[in-house]
file data33.cif (mmCIF, C-alpha atoms and all ligand atoms)
data_run
loop_
_atom_site.label_atom_id
_atom_site.label_comp_id
_atom_site.auth_asym_id
_atom_site.auth_seq_id
_atom_site.Cartn_x
_atom_site.Cartn_y
_atom_site.Cartn_z
CA MET A 29 0.00 0.00 0.00
CA ARG A 30 1.07 3.56 -0.57
CA PHE A 31 -0.23 6.74 1.02
CA VAL A 32 0.76 10.00 -0.61
CA VAL A 33 -0.24 13.28 1.06
CA LEU A 34 -0.36 16.27 -1.31
CA MET A 35 0.34 19.50 0.58
CA GLY A 36 -0.02 23.08 -0.61
CA GLY A 37 -2.12 26.18 -0.02
CA PRO A 38 -5.64 26.63 -1.41
CA GLY A 39 -5.19 27.01 -5.16
CA ALA A 40 -1.72 25.42 -5.25
CA GLY A 41 -2.93 22.77 -7.68
CA LYS A 42 -3.55 19.76 -5.43
CA GLY A 43 -6.86 18.80 -7.04
CA THR A 44 -5.52 19.40 -10.55
CA GLN A 45 -2.54 17.16 -9.91
CA ALA A 46 -4.43 14.51 -7.93
CA LYS A 47 -6.81 13.99 -10.87
CA ARG A 48 -3.82 13.48 -13.19
CA LEU A 49 -1.80 11.31 -10.78
CA GLN A 50 -4.66 8.93 -10.01
CA GLU A 51 -4.00 6.99 -13.20
CA THR A 52 -0.21 7.27 -13.24
CA LEU A 53 0.10 6.06 -9.66
CA ASN A 54 -2.94 3.80 -9.69
CA LEU A 55 -4.17 5.37 -6.46
CA PRO A 56 -7.59 6.97 -5.85
CA GLN A 57 -7.80 10.68 -5.04
CA VAL A 58 -9.22 11.18 -1.57
CA SER A 59 -10.25 14.84 -1.34
CA THR A 60 -11.98 15.87 1.88
CA GLY A 61 -13.25 19.02 0.12
CA ASP A 62 -14.86 16.87 -2.59
CA LEU A 63 -16.34 14.54 0.05
CA PHE A 64 -17.90 17.49 1.88
CA ARG A 65 -19.27 18.96 -1.36
CA GLU A 66 -20.70 15.55 -2.35
CA ASN A 67 -22.47 15.39 1.02
CA LEU A 68 -23.82 18.87 0.52
CA ARG A 69 -25.18 17.98 -2.93
CA ASN A 70 -26.88 14.96 -1.38
CA ASN A 71 -28.28 17.18 1.36
CA THR A 72 -26.91 15.04 4.22
CA GLU A 73 -26.66 16.39 7.78
CA LEU A 74 -22.87 16.16 7.51
CA GLY A 75 -22.94 18.19 4.29
CA LYS A 76 -25.10 20.89 5.87
CA LEU A 77 -22.83 21.07 8.91
CA ALA A 78 -19.66 21.23 6.78
CA ALA A 79 -21.13 24.01 4.63
CA THR A 80 -21.44 26.32 7.64
CA TYR A 81 -17.63 26.24 7.91
CA ILE A 82 -16.76 25.98 4.21
CA ASP A 83 -18.82 29.06 3.32
CA LYS A 84 -16.75 31.13 5.75
CA GLY A 85 -13.43 29.67 4.62
CA ASP A 86 -12.91 28.02 8.01
CA LEU A 87 -11.93 24.42 8.62
CA VAL A 88 -14.54 21.78 9.34
CA PRO A 89 -13.98 20.39 12.89
CA ASP A 90 -11.30 17.69 13.15
CA GLU A 91 -13.58 14.90 14.49
CA VAL A 92 -15.96 15.28 11.54
CA THR A 93 -13.12 15.39 9.02
CA ILE A 94 -11.25 12.43 10.49
CA ALA A 95 -14.45 10.34 10.54
CA ILE A 96 -15.13 11.03 6.86
CA VAL A 97 -11.57 10.04 5.89
CA LYS A 98 -11.77 6.87 7.96
CA GLU A 99 -14.94 5.84 6.18
CA ARG A 100 -13.51 6.72 2.75
CA LEU A 101 -10.30 4.71 3.30
CA SER A 102 -12.33 1.65 4.25
CA ARG A 103 -13.78 1.47 0.72
CA GLU A 104 -12.51 -1.14 -1.69
CA ASP A 105 -10.78 1.22 -4.12
CA CYS A 106 -8.31 2.18 -1.38
CA ALA A 107 -6.92 -1.35 -1.19
CA ASN A 108 -3.61 -0.11 -2.72
CA GLY A 109 -3.50 3.10 -0.70
CA ALA A 110 -4.60 6.62 -1.57
CA LEU A 111 -3.61 10.04 -2.76
CA LEU A 112 -4.73 12.48 -0.06
CA ASP A 113 -5.75 15.91 -1.33
CA GLY A 114 -6.63 18.52 1.30
CA PHE A 115 -6.14 16.21 4.27
CA PRO A 116 -4.61 16.44 6.83
CA ARG A 117 -4.98 20.19 7.39
CA THR A 118 -4.18 20.37 11.13
CA ILE A 119 -1.64 18.70 13.40
CA ALA A 120 -4.51 16.90 15.19
CA GLN A 121 -5.68 15.48 11.84
CA ALA A 122 -2.13 14.38 10.98
CA ASP A 123 -1.77 12.62 14.34
CA ALA A 124 -5.15 10.90 13.92
CA PHE A 125 -4.23 9.89 10.37
CA GLU A 126 -0.93 8.40 11.54
CA GLN A 127 -2.79 6.41 14.17
CA LEU A 128 -5.41 5.24 11.69
CA LEU A 129 -2.72 4.04 9.28
CA ALA A 130 -0.78 2.37 12.11
CA GLU A 131 -3.91 0.37 12.96
CA MET A 132 -3.80 -0.87 9.36
CA GLY A 133 -0.06 -1.60 9.64
CA GLU A 134 0.58 1.29 7.24
CA ARG A 135 2.23 4.71 7.16
CA VAL A 136 2.53 7.86 5.06
CA HIS A 137 5.14 7.28 2.34
CA VAL A 138 5.76 10.75 1.00
CA VAL A 139 4.41 14.29 1.35
CA PRO A 140 4.99 16.31 -1.82
CA TYR A 141 4.55 20.00 -1.07
CA ILE A 142 3.39 22.08 -4.04
CA HIS A 143 4.92 25.44 -3.20
CA VAL A 144 3.10 28.52 -4.56
CA THR A 145 3.34 32.10 -3.23
CA PRO A 146 0.17 33.69 -1.71
CA GLU A 147 -0.17 36.22 -4.56
CA VAL A 148 -0.28 33.42 -7.11
CA LEU A 149 -2.66 31.38 -4.94
CA LEU A 150 -5.15 34.27 -5.08
CA LYS A 151 -4.88 34.53 -8.88
CA ARG A 152 -5.41 30.80 -9.22
CA LEU A 153 -8.51 30.77 -7.00
CA ALA A 154 -10.00 33.81 -8.73
CA GLY A 155 -10.11 32.08 -12.14
CA ARG A 156 -11.00 28.55 -11.05
CA TRP A 157 -13.91 26.76 -12.74
CA THR A 158 -14.82 23.15 -11.93
CA CYS A 159 -16.77 20.50 -13.83
CA LYS A 160 -20.14 19.80 -12.16
CA SER A 161 -19.96 16.17 -13.06
CA CYS A 162 -16.33 14.88 -12.96
CA GLY A 163 -14.70 17.60 -10.80
CA HIS A 164 -11.97 18.36 -13.36
CA VAL A 165 -10.51 21.82 -12.66
CA TYR A 166 -9.94 24.63 -15.18
CA HIS A 167 -8.67 28.19 -15.04
CA THR A 168 -9.98 31.01 -17.22
CA VAL A 169 -6.42 32.13 -18.08
CA PHE A 170 -3.94 29.41 -17.08
CA ASN A 171 -5.86 26.32 -18.10
CA PRO A 172 -8.97 27.23 -20.10
CA PRO A 173 -11.40 24.63 -21.44
CA LEU A 174 -11.61 24.29 -25.24
CA LYS A 175 -15.18 25.60 -25.13
CA GLU A 176 -16.04 28.27 -22.55
CA GLY A 177 -18.04 26.94 -19.62
CA ILE A 178 -17.95 23.32 -20.82
CA CYS A 179 -15.78 20.42 -19.57
CA ASP A 180 -13.37 19.05 -22.23
CA LEU A 181 -13.65 15.58 -20.76
CA ASP A 182 -17.39 14.99 -20.52
CA GLY A 183 -19.19 18.06 -21.92
CA SER A 184 -20.81 18.95 -18.56
CA PRO A 185 -21.22 22.59 -17.47
CA LEU A 186 -18.49 24.22 -15.38
CA TYR A 187 -19.28 26.15 -12.20
CA GLN A 188 -17.48 28.47 -9.78
CA ARG A 189 -17.35 27.12 -6.24
CA ASP A 190 -19.50 28.93 -3.65
CA ASP A 191 -16.41 29.37 -1.46
CA ASP A 192 -14.46 31.05 -4.28
CA THR A 193 -15.63 34.56 -3.37
CA GLU A 194 -12.88 37.12 -2.83
CA GLU A 195 -13.46 37.33 0.92
CA THR A 196 -13.51 33.57 1.45
CA GLN A 197 -10.42 33.08 -0.70
CA LYS A 198 -8.44 35.46 1.52
CA ARG A 199 -9.75 33.77 4.65
CA ARG A 200 -8.77 30.31 3.33
CA ILE A 201 -5.23 31.44 2.65
CA GLU A 202 -5.05 32.92 6.19
CA VAL A 203 -6.39 29.70 7.71
CA TYR A 204 -3.85 27.76 5.67
CA PHE A 205 -0.93 29.74 7.14
CA GLU A 206 -2.32 29.54 10.67
CA GLN A 207 -3.43 25.93 10.86
CA THR A 208 -2.02 23.92 7.96
CA ALA A 209 1.44 25.37 7.27
CA PRO A 210 2.74 23.96 10.62
CA LEU A 211 2.35 20.53 9.00
CA LEU A 212 5.28 21.34 6.73
CA ALA A 213 7.67 21.17 9.70
CA TYR A 214 5.75 18.18 11.08
CA TYR A 215 6.40 16.14 7.92
CA ARG A 216 9.86 17.61 7.30
CA ASP A 217 10.91 16.35 10.74
CA LYS A 218 9.73 12.89 9.75
CA GLY A 219 11.83 13.07 6.57
CA LEU A 220 8.73 12.81 4.36
CA LEU A 221 8.41 16.31 2.88
CA VAL A 222 9.55 16.90 -0.72
CA GLU A 223 9.16 20.45 -2.00
CA VAL A 224 8.07 20.93 -5.60
CA ASN A 225 7.96 24.27 -7.43
CA GLY A 226 4.23 24.81 -8.00
CA GLU A 227 4.75 27.86 -10.20
CA GLN A 228 5.64 25.82 -13.27
CA SER A 229 3.31 24.50 -15.95
CA ILE A 230 0.81 21.85 -14.85
CA GLU A 231 2.80 19.25 -16.84
CA LEU A 232 6.12 20.10 -15.17
CA VAL A 233 4.60 20.09 -11.69
CA GLN A 234 3.15 16.67 -12.49
CA LYS A 235 6.55 15.41 -13.62
CA ASP A 236 8.20 16.56 -10.37
CA LEU A 237 5.43 14.97 -8.30
CA VAL A 238 5.76 11.62 -10.06
CA GLN A 239 9.51 11.76 -9.44
CA ALA A 240 8.98 12.57 -5.75
CA VAL A 241 6.72 9.54 -5.37
CA LYS A 242 9.14 7.29 -7.30
CA ASP A 243 12.03 8.40 -5.08
CA SER A 244 10.09 7.65 -1.89
CA ASN A 245 10.37 4.40 -0.04
P1 LIG B 1 -6.17 23.18 -4.95
O1 LIG B 1 -6.83 21.83 -5.13
O2 LIG B 1 -4.78 23.06 -4.39
O3 LIG B 1 -7.00 24.14 -4.19
P2 LIG B 1 -6.68 23.46 -7.80
O4 LIG B 1 -6.13 22.17 -8.34
O5 LIG B 1 -8.15 23.57 -7.68
O6 LIG B 1 -5.96 23.82 -6.39
O7 LIG B 1 -6.09 24.64 -8.71
C1 LIG B 1 -6.48 26.00 -8.49
C2 LIG B 1 -6.55 26.74 -9.84
O8 LIG B 1 -5.23 26.89 -10.37
C3 LIG B 1 -7.37 26.01 -10.91
O9 LIG B 1 -8.10 26.99 -11.62
C4 LIG B 1 -6.32 25.33 -11.80
O10 LIG B 1 -6.75 25.22 -13.14
C5 LIG B 1 -5.14 26.30 -11.67
N1 LIG B 1 -3.83 25.64 -11.73
C6 LIG B 1 -3.47 24.47 -11.13
N2 LIG B 1 -2.16 24.19 -11.36
C7 LIG B 1 -1.68 25.22 -12.11
C8 LIG B 1 -0.38 25.53 -12.68
N3 LIG B 1 0.67 24.72 -12.51
N4 LIG B 1 -0.27 26.68 -13.38
C9 LIG B 1 -1.33 27.51 -13.54
N5 LIG B 1 -2.56 27.28 -13.05
C10 LIG B 1 -2.75 26.14 -12.33
P1 LIG B 2 -10.79 22.16 -0.71
O1 LIG B 2 -11.74 21.50 -1.66
O2 LIG B 2 -9.65 21.28 -0.31
O3 LIG B 2 -10.35 23.52 -1.18
O4 LIG B 2 -11.62 22.40 0.64
C1 LIG B 2 -12.75 23.25 0.68
C2 LIG B 2 -13.15 23.49 2.12
O5 LIG B 2 -13.56 22.27 2.75
C3 LIG B 2 -12.07 24.06 3.04
O6 LIG B 2 -11.96 25.48 2.93
C4 LIG B 2 -12.58 23.62 4.41
O7 LIG B 2 -13.64 24.44 4.87
C5 LIG B 2 -13.16 22.24 4.12
N1 LIG B 2 -12.13 21.20 4.28
C6 LIG B 2 -11.58 20.43 3.29
N2 LIG B 2 -10.67 19.58 3.79
C7 LIG B 2 -10.63 19.82 5.13
C8 LIG B 2 -9.86 19.29 6.21
N3 LIG B 2 -8.93 18.35 6.02
N4 LIG B 2 -10.09 19.78 7.46
C9 LIG B 2 -11.02 20.73 7.67
N5 LIG B 2 -11.75 21.28 6.70
C10 LIG B 2 -11.56 20.85 5.44
#

call {"tool": "encode", "arguments": {"input": "data33.cif", "output": "structure tokens", "more": "lines below"}}
Ligand code: ADP
Ligand code: AMP
result
Amino acid sequence: MRFVVLMGGPGAGKGTQAKRLQETLNLPQVSTGDLFRENLRNNTELGKLAATYIDKGDLVPDEVTIAIVKERLSREDCANGALLDGFPRTIAQADAFEQLLAEMGERVHVVPYIHVTPEVLLKRLAGRWTCKSCGHVYHTVFNPPLKEGICDLDGSPLYQRDDDTEETQKRRIEVYFEQTAPLLAYYRDKGLLVEVNGEQSIELVQKDLVQAVKDSN
């Protein structure tokens, strides 16, 4: 089994890369943000609770987030491991994740960190459009779809996330520096962090990420 944790600020390109790496690495993308949004679409209690935090740009409480990851990792497609996108986001989540993996006789193999400066993060978030159906991510300037507003892969309409308002974007970046950035030292101390320059083309970032995973043991 292999567990890869993609780190990076909001807008760094975690989702973009996770979608591409799924096939190359033969590991499913486990995105807590996607899981919360799926719950919200299905109108579950968990989705409604998560939305009260997501809409403000704050983090969903740790217990709720850890429980959703635990359930997701128990599904069959995670038999080979998983590519974590957006989790863990706090030290408490990272500790709980380590414990969860230890119970399975597993561990985190590598933590590629997609490094992008805050100014670029804001530009990325401002132009982000997502496919309603497959979740593929586009950018109006940096990665536009062939046909405006339509997904290249499945022809579904694209939408802008509710939490991609200017105010929420700023708050998410703040929350990232306060609560998630400490995880960089946490994983660096464990010898798992590999920094990748996130301000390259999507293809080059992908190449560096694949290399980081190949070099891990
Ligand atoms: P995250 O999942 O880390 O929040 P996304 O994958 O949603 O980030 O990417 C945020 C935005 O930046 C999207 O609009 C995406 O198309 C764009 N993007 C991702 N990677 C790059 C890149 N290397 N160069 C330019 N734009 C990028
Ligand atoms: P993302 O799709 O990763 O950009 O996440 C969107 C939002 O979902 C975040 O701004 C948080 O409110 C919430 N969220 C996603 N992952 C987590 C997590 N690991 N811990 C807490 N909240 C999360």

call {"tool": "residues_near_ligand", "arguments": {"input": "data33.cif", "ligand": "ligand LIG 1 (chain B)", "cutoff": "7 Å", "atoms": "all atoms listed in the file", "output": "PDB file with C-alpha atoms, in the coordinates of the input"}}
result
ATOM      1  CA  GLY A  36      -0.020  23.080  -0.610  1.00  0.00           C
ATOM      2  CA  GLY A  37      -2.120  26.180  -0.020  1.00  0.00           C
ATOM      3  CA  PRO A  38      -5.640  26.630  -1.410  1.00  0.00           C
ATOM      4  CA  GLY A  39      -5.190  27.010  -5.160  1.00  0.00           C
ATOM      5  CA  ALA A  40      -1.720  25.420  -5.250  1.00  0.00           C
ATOM      6  CA  GLY A  41      -2.930  22.770  -7.680  1.00  0.00           C
ATOM      7  CA  LYS A  42      -3.550  19.760  -5.430  1.00  0.00           C
ATOM      8  CA  GLY A  43      -6.860  18.800  -7.040  1.00  0.00           C
ATOM      9  CA  THR A  44      -5.520  19.400 -10.550  1.00  0.00           C
ATOM     10  CA  GLN A  45      -2.540  17.160  -9.910  1.00  0.00           C
ATOM     11  CA  ARG A 152      -5.410  30.800  -9.220  1.00  0.00           C
ATOM     12  CA  LEU A 153      -8.510  30.770  -7.000  1.00  0.00           C
ATOM     13  CA  GLY A 155     -10.110  32.080 -12.140  1.00  0.00           C
ATOM     14  CA  ARG A 156     -11.000  28.550 -11.050  1.00  0.00           C
ATOM     15  CA  TRP A 157     -13.910  26.760 -12.740  1.00  0.00           C
ATOM     16  CA  VAL A 165     -10.510  21.820 -12.660  1.00  0.00           C
ATOM     17  CA  TYR A 166      -9.940  24.630 -15.180  1.00  0.00           C
ATOM     18  CA  HIS A 167      -8.670  28.190 -15.040  1.00  0.00           C
ATOM     19  CA  PHE A 170      -3.940  29.410 -17.080  1.00  0.00           C
ATOM     20  CA  ASN A 171      -5.860  26.320 -18.100  1.00  0.00           C
ATOM     21  CA  GLY A 226       4.230  24.810  -8.000  1.00  0.00           C
ATOM     22  CA  GLU A 227       4.750  27.860 -10.200  1.00  0.00           C
ATOM     23  CA  GLN A 228       5.640  25.820 -13.270  1.00  0.00           C
ATOM     24  CA  SER A 229       3.310  24.500 -15.950  1.00  0.00           C
ATOM     25  CA  ILE A 230       0.810  21.850 -14.850  1.00  0.00           C
ATOM     26  CA  VAL A 233       4.600  20.090 -11.690  1.00  0.00           C
TER      27      VAL A 233
END

call {"tool": "closest_residue", "arguments": {"input": "data33.cif", "among": "A:Ala124, A:Val139, A:Cys106, A:Val144", "to": "ligand LIG 2 (chain B)", "atoms": "only C-alpha atoms and all ligand atoms"}}
result
A:Ala124

call {"tool": "residues_near_point", "arguments": {"input": "data33.cif", "point": "(5.2, 25.4, -0.3)", "cutoff": "10 Å", "atoms": "only C-alpha atoms", "output": "PyMOL selection string"}}
result
chain A and resi 35-37+40+140-146+209+212+222-226

call {"tool": "closest_residue", "arguments": {"input": "data33.cif", "among": "A:Val136, A:Val238, A:Ala154, A:Leu63", "to": "Val97 in chain A", "atoms": "only C-alpha atoms"}}
result
A:Leu63

call {"tool": "atom_distance", "arguments": {"input": "data33.cif", "atom1": "CA of Ala46 in chain A", "atom2": "CA of Ala240 in chain A"}}
result
13.7 Å

call {"tool": "build_atoms", "arguments": {"input": "data33.cif", "residues": "range 153-173 of chain A", "atoms": "N, CA, C and O atoms", "output": "PDB file, in the coordinates of the input"}}
result
ATOM      1  N   LEU A 153      -7.151  30.987  -7.529  1.00  0.00           N
ATOM      2  CA  LEU A 153      -8.510  30.770  -7.000  1.00  0.00           C
ATOM      3  C   LEU A 153      -9.521  31.639  -7.736  1.00  0.00           C
ATOM      4  O   LEU A 153     -10.662  31.222  -7.987  1.00  0.00           O
ATOM      5  N   ALA A 154      -9.081  32.860  -8.109  1.00  0.00           N
ATOM      6  CA  ALA A 154     -10.000  33.810  -8.730  1.00  0.00           C
ATOM      7  C   ALA A 154     -10.498  33.312 -10.098  1.00  0.00           C
ATOM      8  O   ALA A 154     -11.603  33.642 -10.510  1.00  0.00           O
ATOM      9  N   GLY A 155      -9.695  32.510 -10.791  1.00  0.00           N
ATOM     10  CA  GLY A 155     -10.110  32.080 -12.140  1.00  0.00           C
ATOM     11  C   GLY A 155     -10.518  30.620 -12.217  1.00  0.00           C
ATOM     12  O   GLY A 155     -10.622  30.055 -13.293  1.00  0.00           O
ATOM     13  N   ARG A 156     -10.735  29.996 -11.049  1.00  0.00           N
ATOM     14  CA  ARG A 156     -11.000  28.550 -11.050  1.00  0.00           C
ATOM     15  C   ARG A 156     -12.444  28.224 -11.443  1.00  0.00           C
ATOM     16  O   ARG A 156     -13.394  28.781 -10.917  1.00  0.00           O
ATOM     17  N   TRP A 157     -12.607  27.300 -12.358  1.00  0.00           N
ATOM     18  CA  TRP A 157     -13.910  26.760 -12.740  1.00  0.00           C
ATOM     19  C   TRP A 157     -13.807  25.230 -12.669  1.00  0.00           C
ATOM     20  O   TRP A 157     -12.796  24.664 -13.066  1.00  0.00           O
ATOM     21  N   THR A 158     -14.859  24.597 -12.173  1.00  0.00           N
ATOM     22  CA  THR A 158     -14.820  23.150 -11.930  1.00  0.00           C
ATOM     23  C   THR A 158     -15.966  22.462 -12.666  1.00  0.00           C
ATOM     24  O   THR A 158     -17.068  23.017 -12.749  1.00  0.00           O
ATOM     25  N   CYS A 159     -15.709  21.261 -13.147  1.00  0.00           N
ATOM     26  CA  CYS A 159     -16.770  20.500 -13.830  1.00  0.00           C
ATOM     27  C   CYS A 159     -17.780  19.990 -12.795  1.00  0.00           C
ATOM     28  O   CYS A 159     -17.393  19.391 -11.789  1.00  0.00           O
ATOM     29  N   LYS A 160     -19.057  20.223 -13.077  1.00  0.00           N
ATOM     30  CA  LYS A 160     -20.140  19.800 -12.160  1.00  0.00           C
ATOM     31  C   LYS A 160     -20.165  18.304 -12.009  1.00  0.00           C
ATOM     32  O   LYS A 160     -20.545  17.776 -10.986  1.00  0.00           O
ATOM     33  N   SER A 161     -19.774  17.608 -13.088  1.00  0.00           N
ATOM     34  CA  SER A 161     -19.960  16.170 -13.060  1.00  0.00           C
ATOM     35  C   SER A 161     -18.679  15.422 -12.648  1.00  0.00           C
ATOM     36  O   SER A 161     -18.713  14.616 -11.724  1.00  0.00           O
ATOM     37  N   CYS A 162     -17.526  15.695 -13.284  1.00  0.00           N
ATOM     38  CA  CYS A 162     -16.330  14.880 -12.960  1.00  0.00           C
ATOM     39  C   CYS A 162     -15.348  15.602 -12.028  1.00  0.00           C
ATOM     40  O   CYS A 162     -14.372  14.995 -11.586  1.00  0.00           O
ATOM     41  N   GLY A 163     -15.577  16.886 -11.742  1.00  0.00           N
ATOM     42  CA  GLY A 163     -14.700  17.600 -10.800  1.00  0.00           C
ATOM     43  C   GLY A 163     -13.393  18.075 -11.407  1.00  0.00           C
ATOM     44  O   GLY A 163     -12.550  18.623 -10.697  1.00  0.00           O
ATOM     45  N   HIS A 164     -13.196  17.886 -12.716  1.00  0.00           N
ATOM     46  CA  HIS A 164     -11.970  18.360 -13.360  1.00  0.00           C
ATOM     47  C   HIS A 164     -11.898  19.883 -13.216  1.00  0.00           C
ATOM     48  O   HIS A 164     -12.909  20.570 -13.307  1.00  0.00           O
ATOM     49  N   VAL A 165     -10.673  20.396 -12.976  1.00  0.00           N
ATOM     50  CA  VAL A 165     -10.510  21.820 -12.660  1.00  0.00           C
ATOM     51  C   VAL A 165      -9.890  22.590 -13.813  1.00  0.00           C
ATOM     52  O   VAL A 165      -8.907  22.139 -14.409  1.00  0.00           O
ATOM     53  N   TYR A 166     -10.461  23.752 -14.110  1.00  0.00           N
ATOM     54  CA  TYR A 166      -9.940  24.630 -15.180  1.00  0.00           C
ATOM     55  C   TYR A 166      -9.604  25.985 -14.599  1.00  0.00           C
ATOM     56  O   TYR A 166      -9.969  26.304 -13.469  1.00  0.00           O
ATOM     57  N   HIS A 167      -8.926  26.793 -15.417  1.00  0.00           N
ATOM     58  CA  HIS A 167      -8.670  28.190 -15.040  1.00  0.00           C
ATOM     59  C   HIS A 167      -8.902  29.055 -16.273  1.00  0.00           C
ATOM     60  O   HIS A 167      -8.442  28.696 -17.368  1.00  0.00           O
ATOM     61  N   THR A 168      -9.609  30.162 -16.073  1.00  0.00           N
ATOM     62  CA  THR A 168      -9.980  31.010 -17.220  1.00  0.00           C
ATOM     63  C   THR A 168      -8.754  31.434 -18.044  1.00  0.00           C
ATOM     64  O   THR A 168      -8.842  31.520 -19.261  1.00  0.00           O
ATOM     65  N   VAL A 169      -7.618  31.675 -17.365  1.00  0.00           N
ATOM     66  CA  VAL A 169      -6.420  32.130 -18.080  1.00  0.00           C
ATOM     67  C   VAL A 169      -5.375  31.018 -18.213  1.00  0.00           C
ATOM     68  O   VAL A 169      -4.845  30.765 -19.297  1.00  0.00           O
ATOM     69  N   PHE A 170      -5.069  30.339 -17.096  1.00  0.00           N
ATOM     70  CA  PHE A 170      -3.940  29.410 -17.080  1.00  0.00           C
ATOM     71  C   PHE A 170      -4.243  28.040 -17.667  1.00  0.00           C
ATOM     72  O   PHE A 170      -3.340  27.322 -18.077  1.00  0.00           O
ATOM     73  N   ASN A 171      -5.522  27.675 -17.651  1.00  0.00           N
ATOM     74  CA  ASN A 171      -5.860  26.320 -18.100  1.00  0.00           C
ATOM     75  C   ASN A 171      -7.304  26.304 -18.589  1.00  0.00           C
ATOM     76  O   ASN A 171      -8.166  25.632 -18.030  1.00  0.00           O
ATOM     77  N   PRO A 172      -7.580  27.082 -19.667  1.00  0.00           N
ATOM     78  CA  PRO A 172      -8.970  27.230 -20.100  1.00  0.00           C
ATOM     79  C   PRO A 172      -9.510  25.981 -20.804  1.00  0.00           C
ATOM     80  O   PRO A 172      -8.741  25.260 -21.444  1.00  0.00           O
ATOM     81  N   PRO A 173     -10.811  25.740 -20.681  1.00  0.00           N
ATOM     82  CA  PRO A 173     -11.400  24.630 -21.440  1.00  0.00           C
ATOM     83  C   PRO A 173     -11.440  25.005 -22.930  1.00  0.00           C
ATOM     84  O   PRO A 173     -11.360  26.190 -23.263  1.00  0.00           O
TER      85      PRO A 173
END
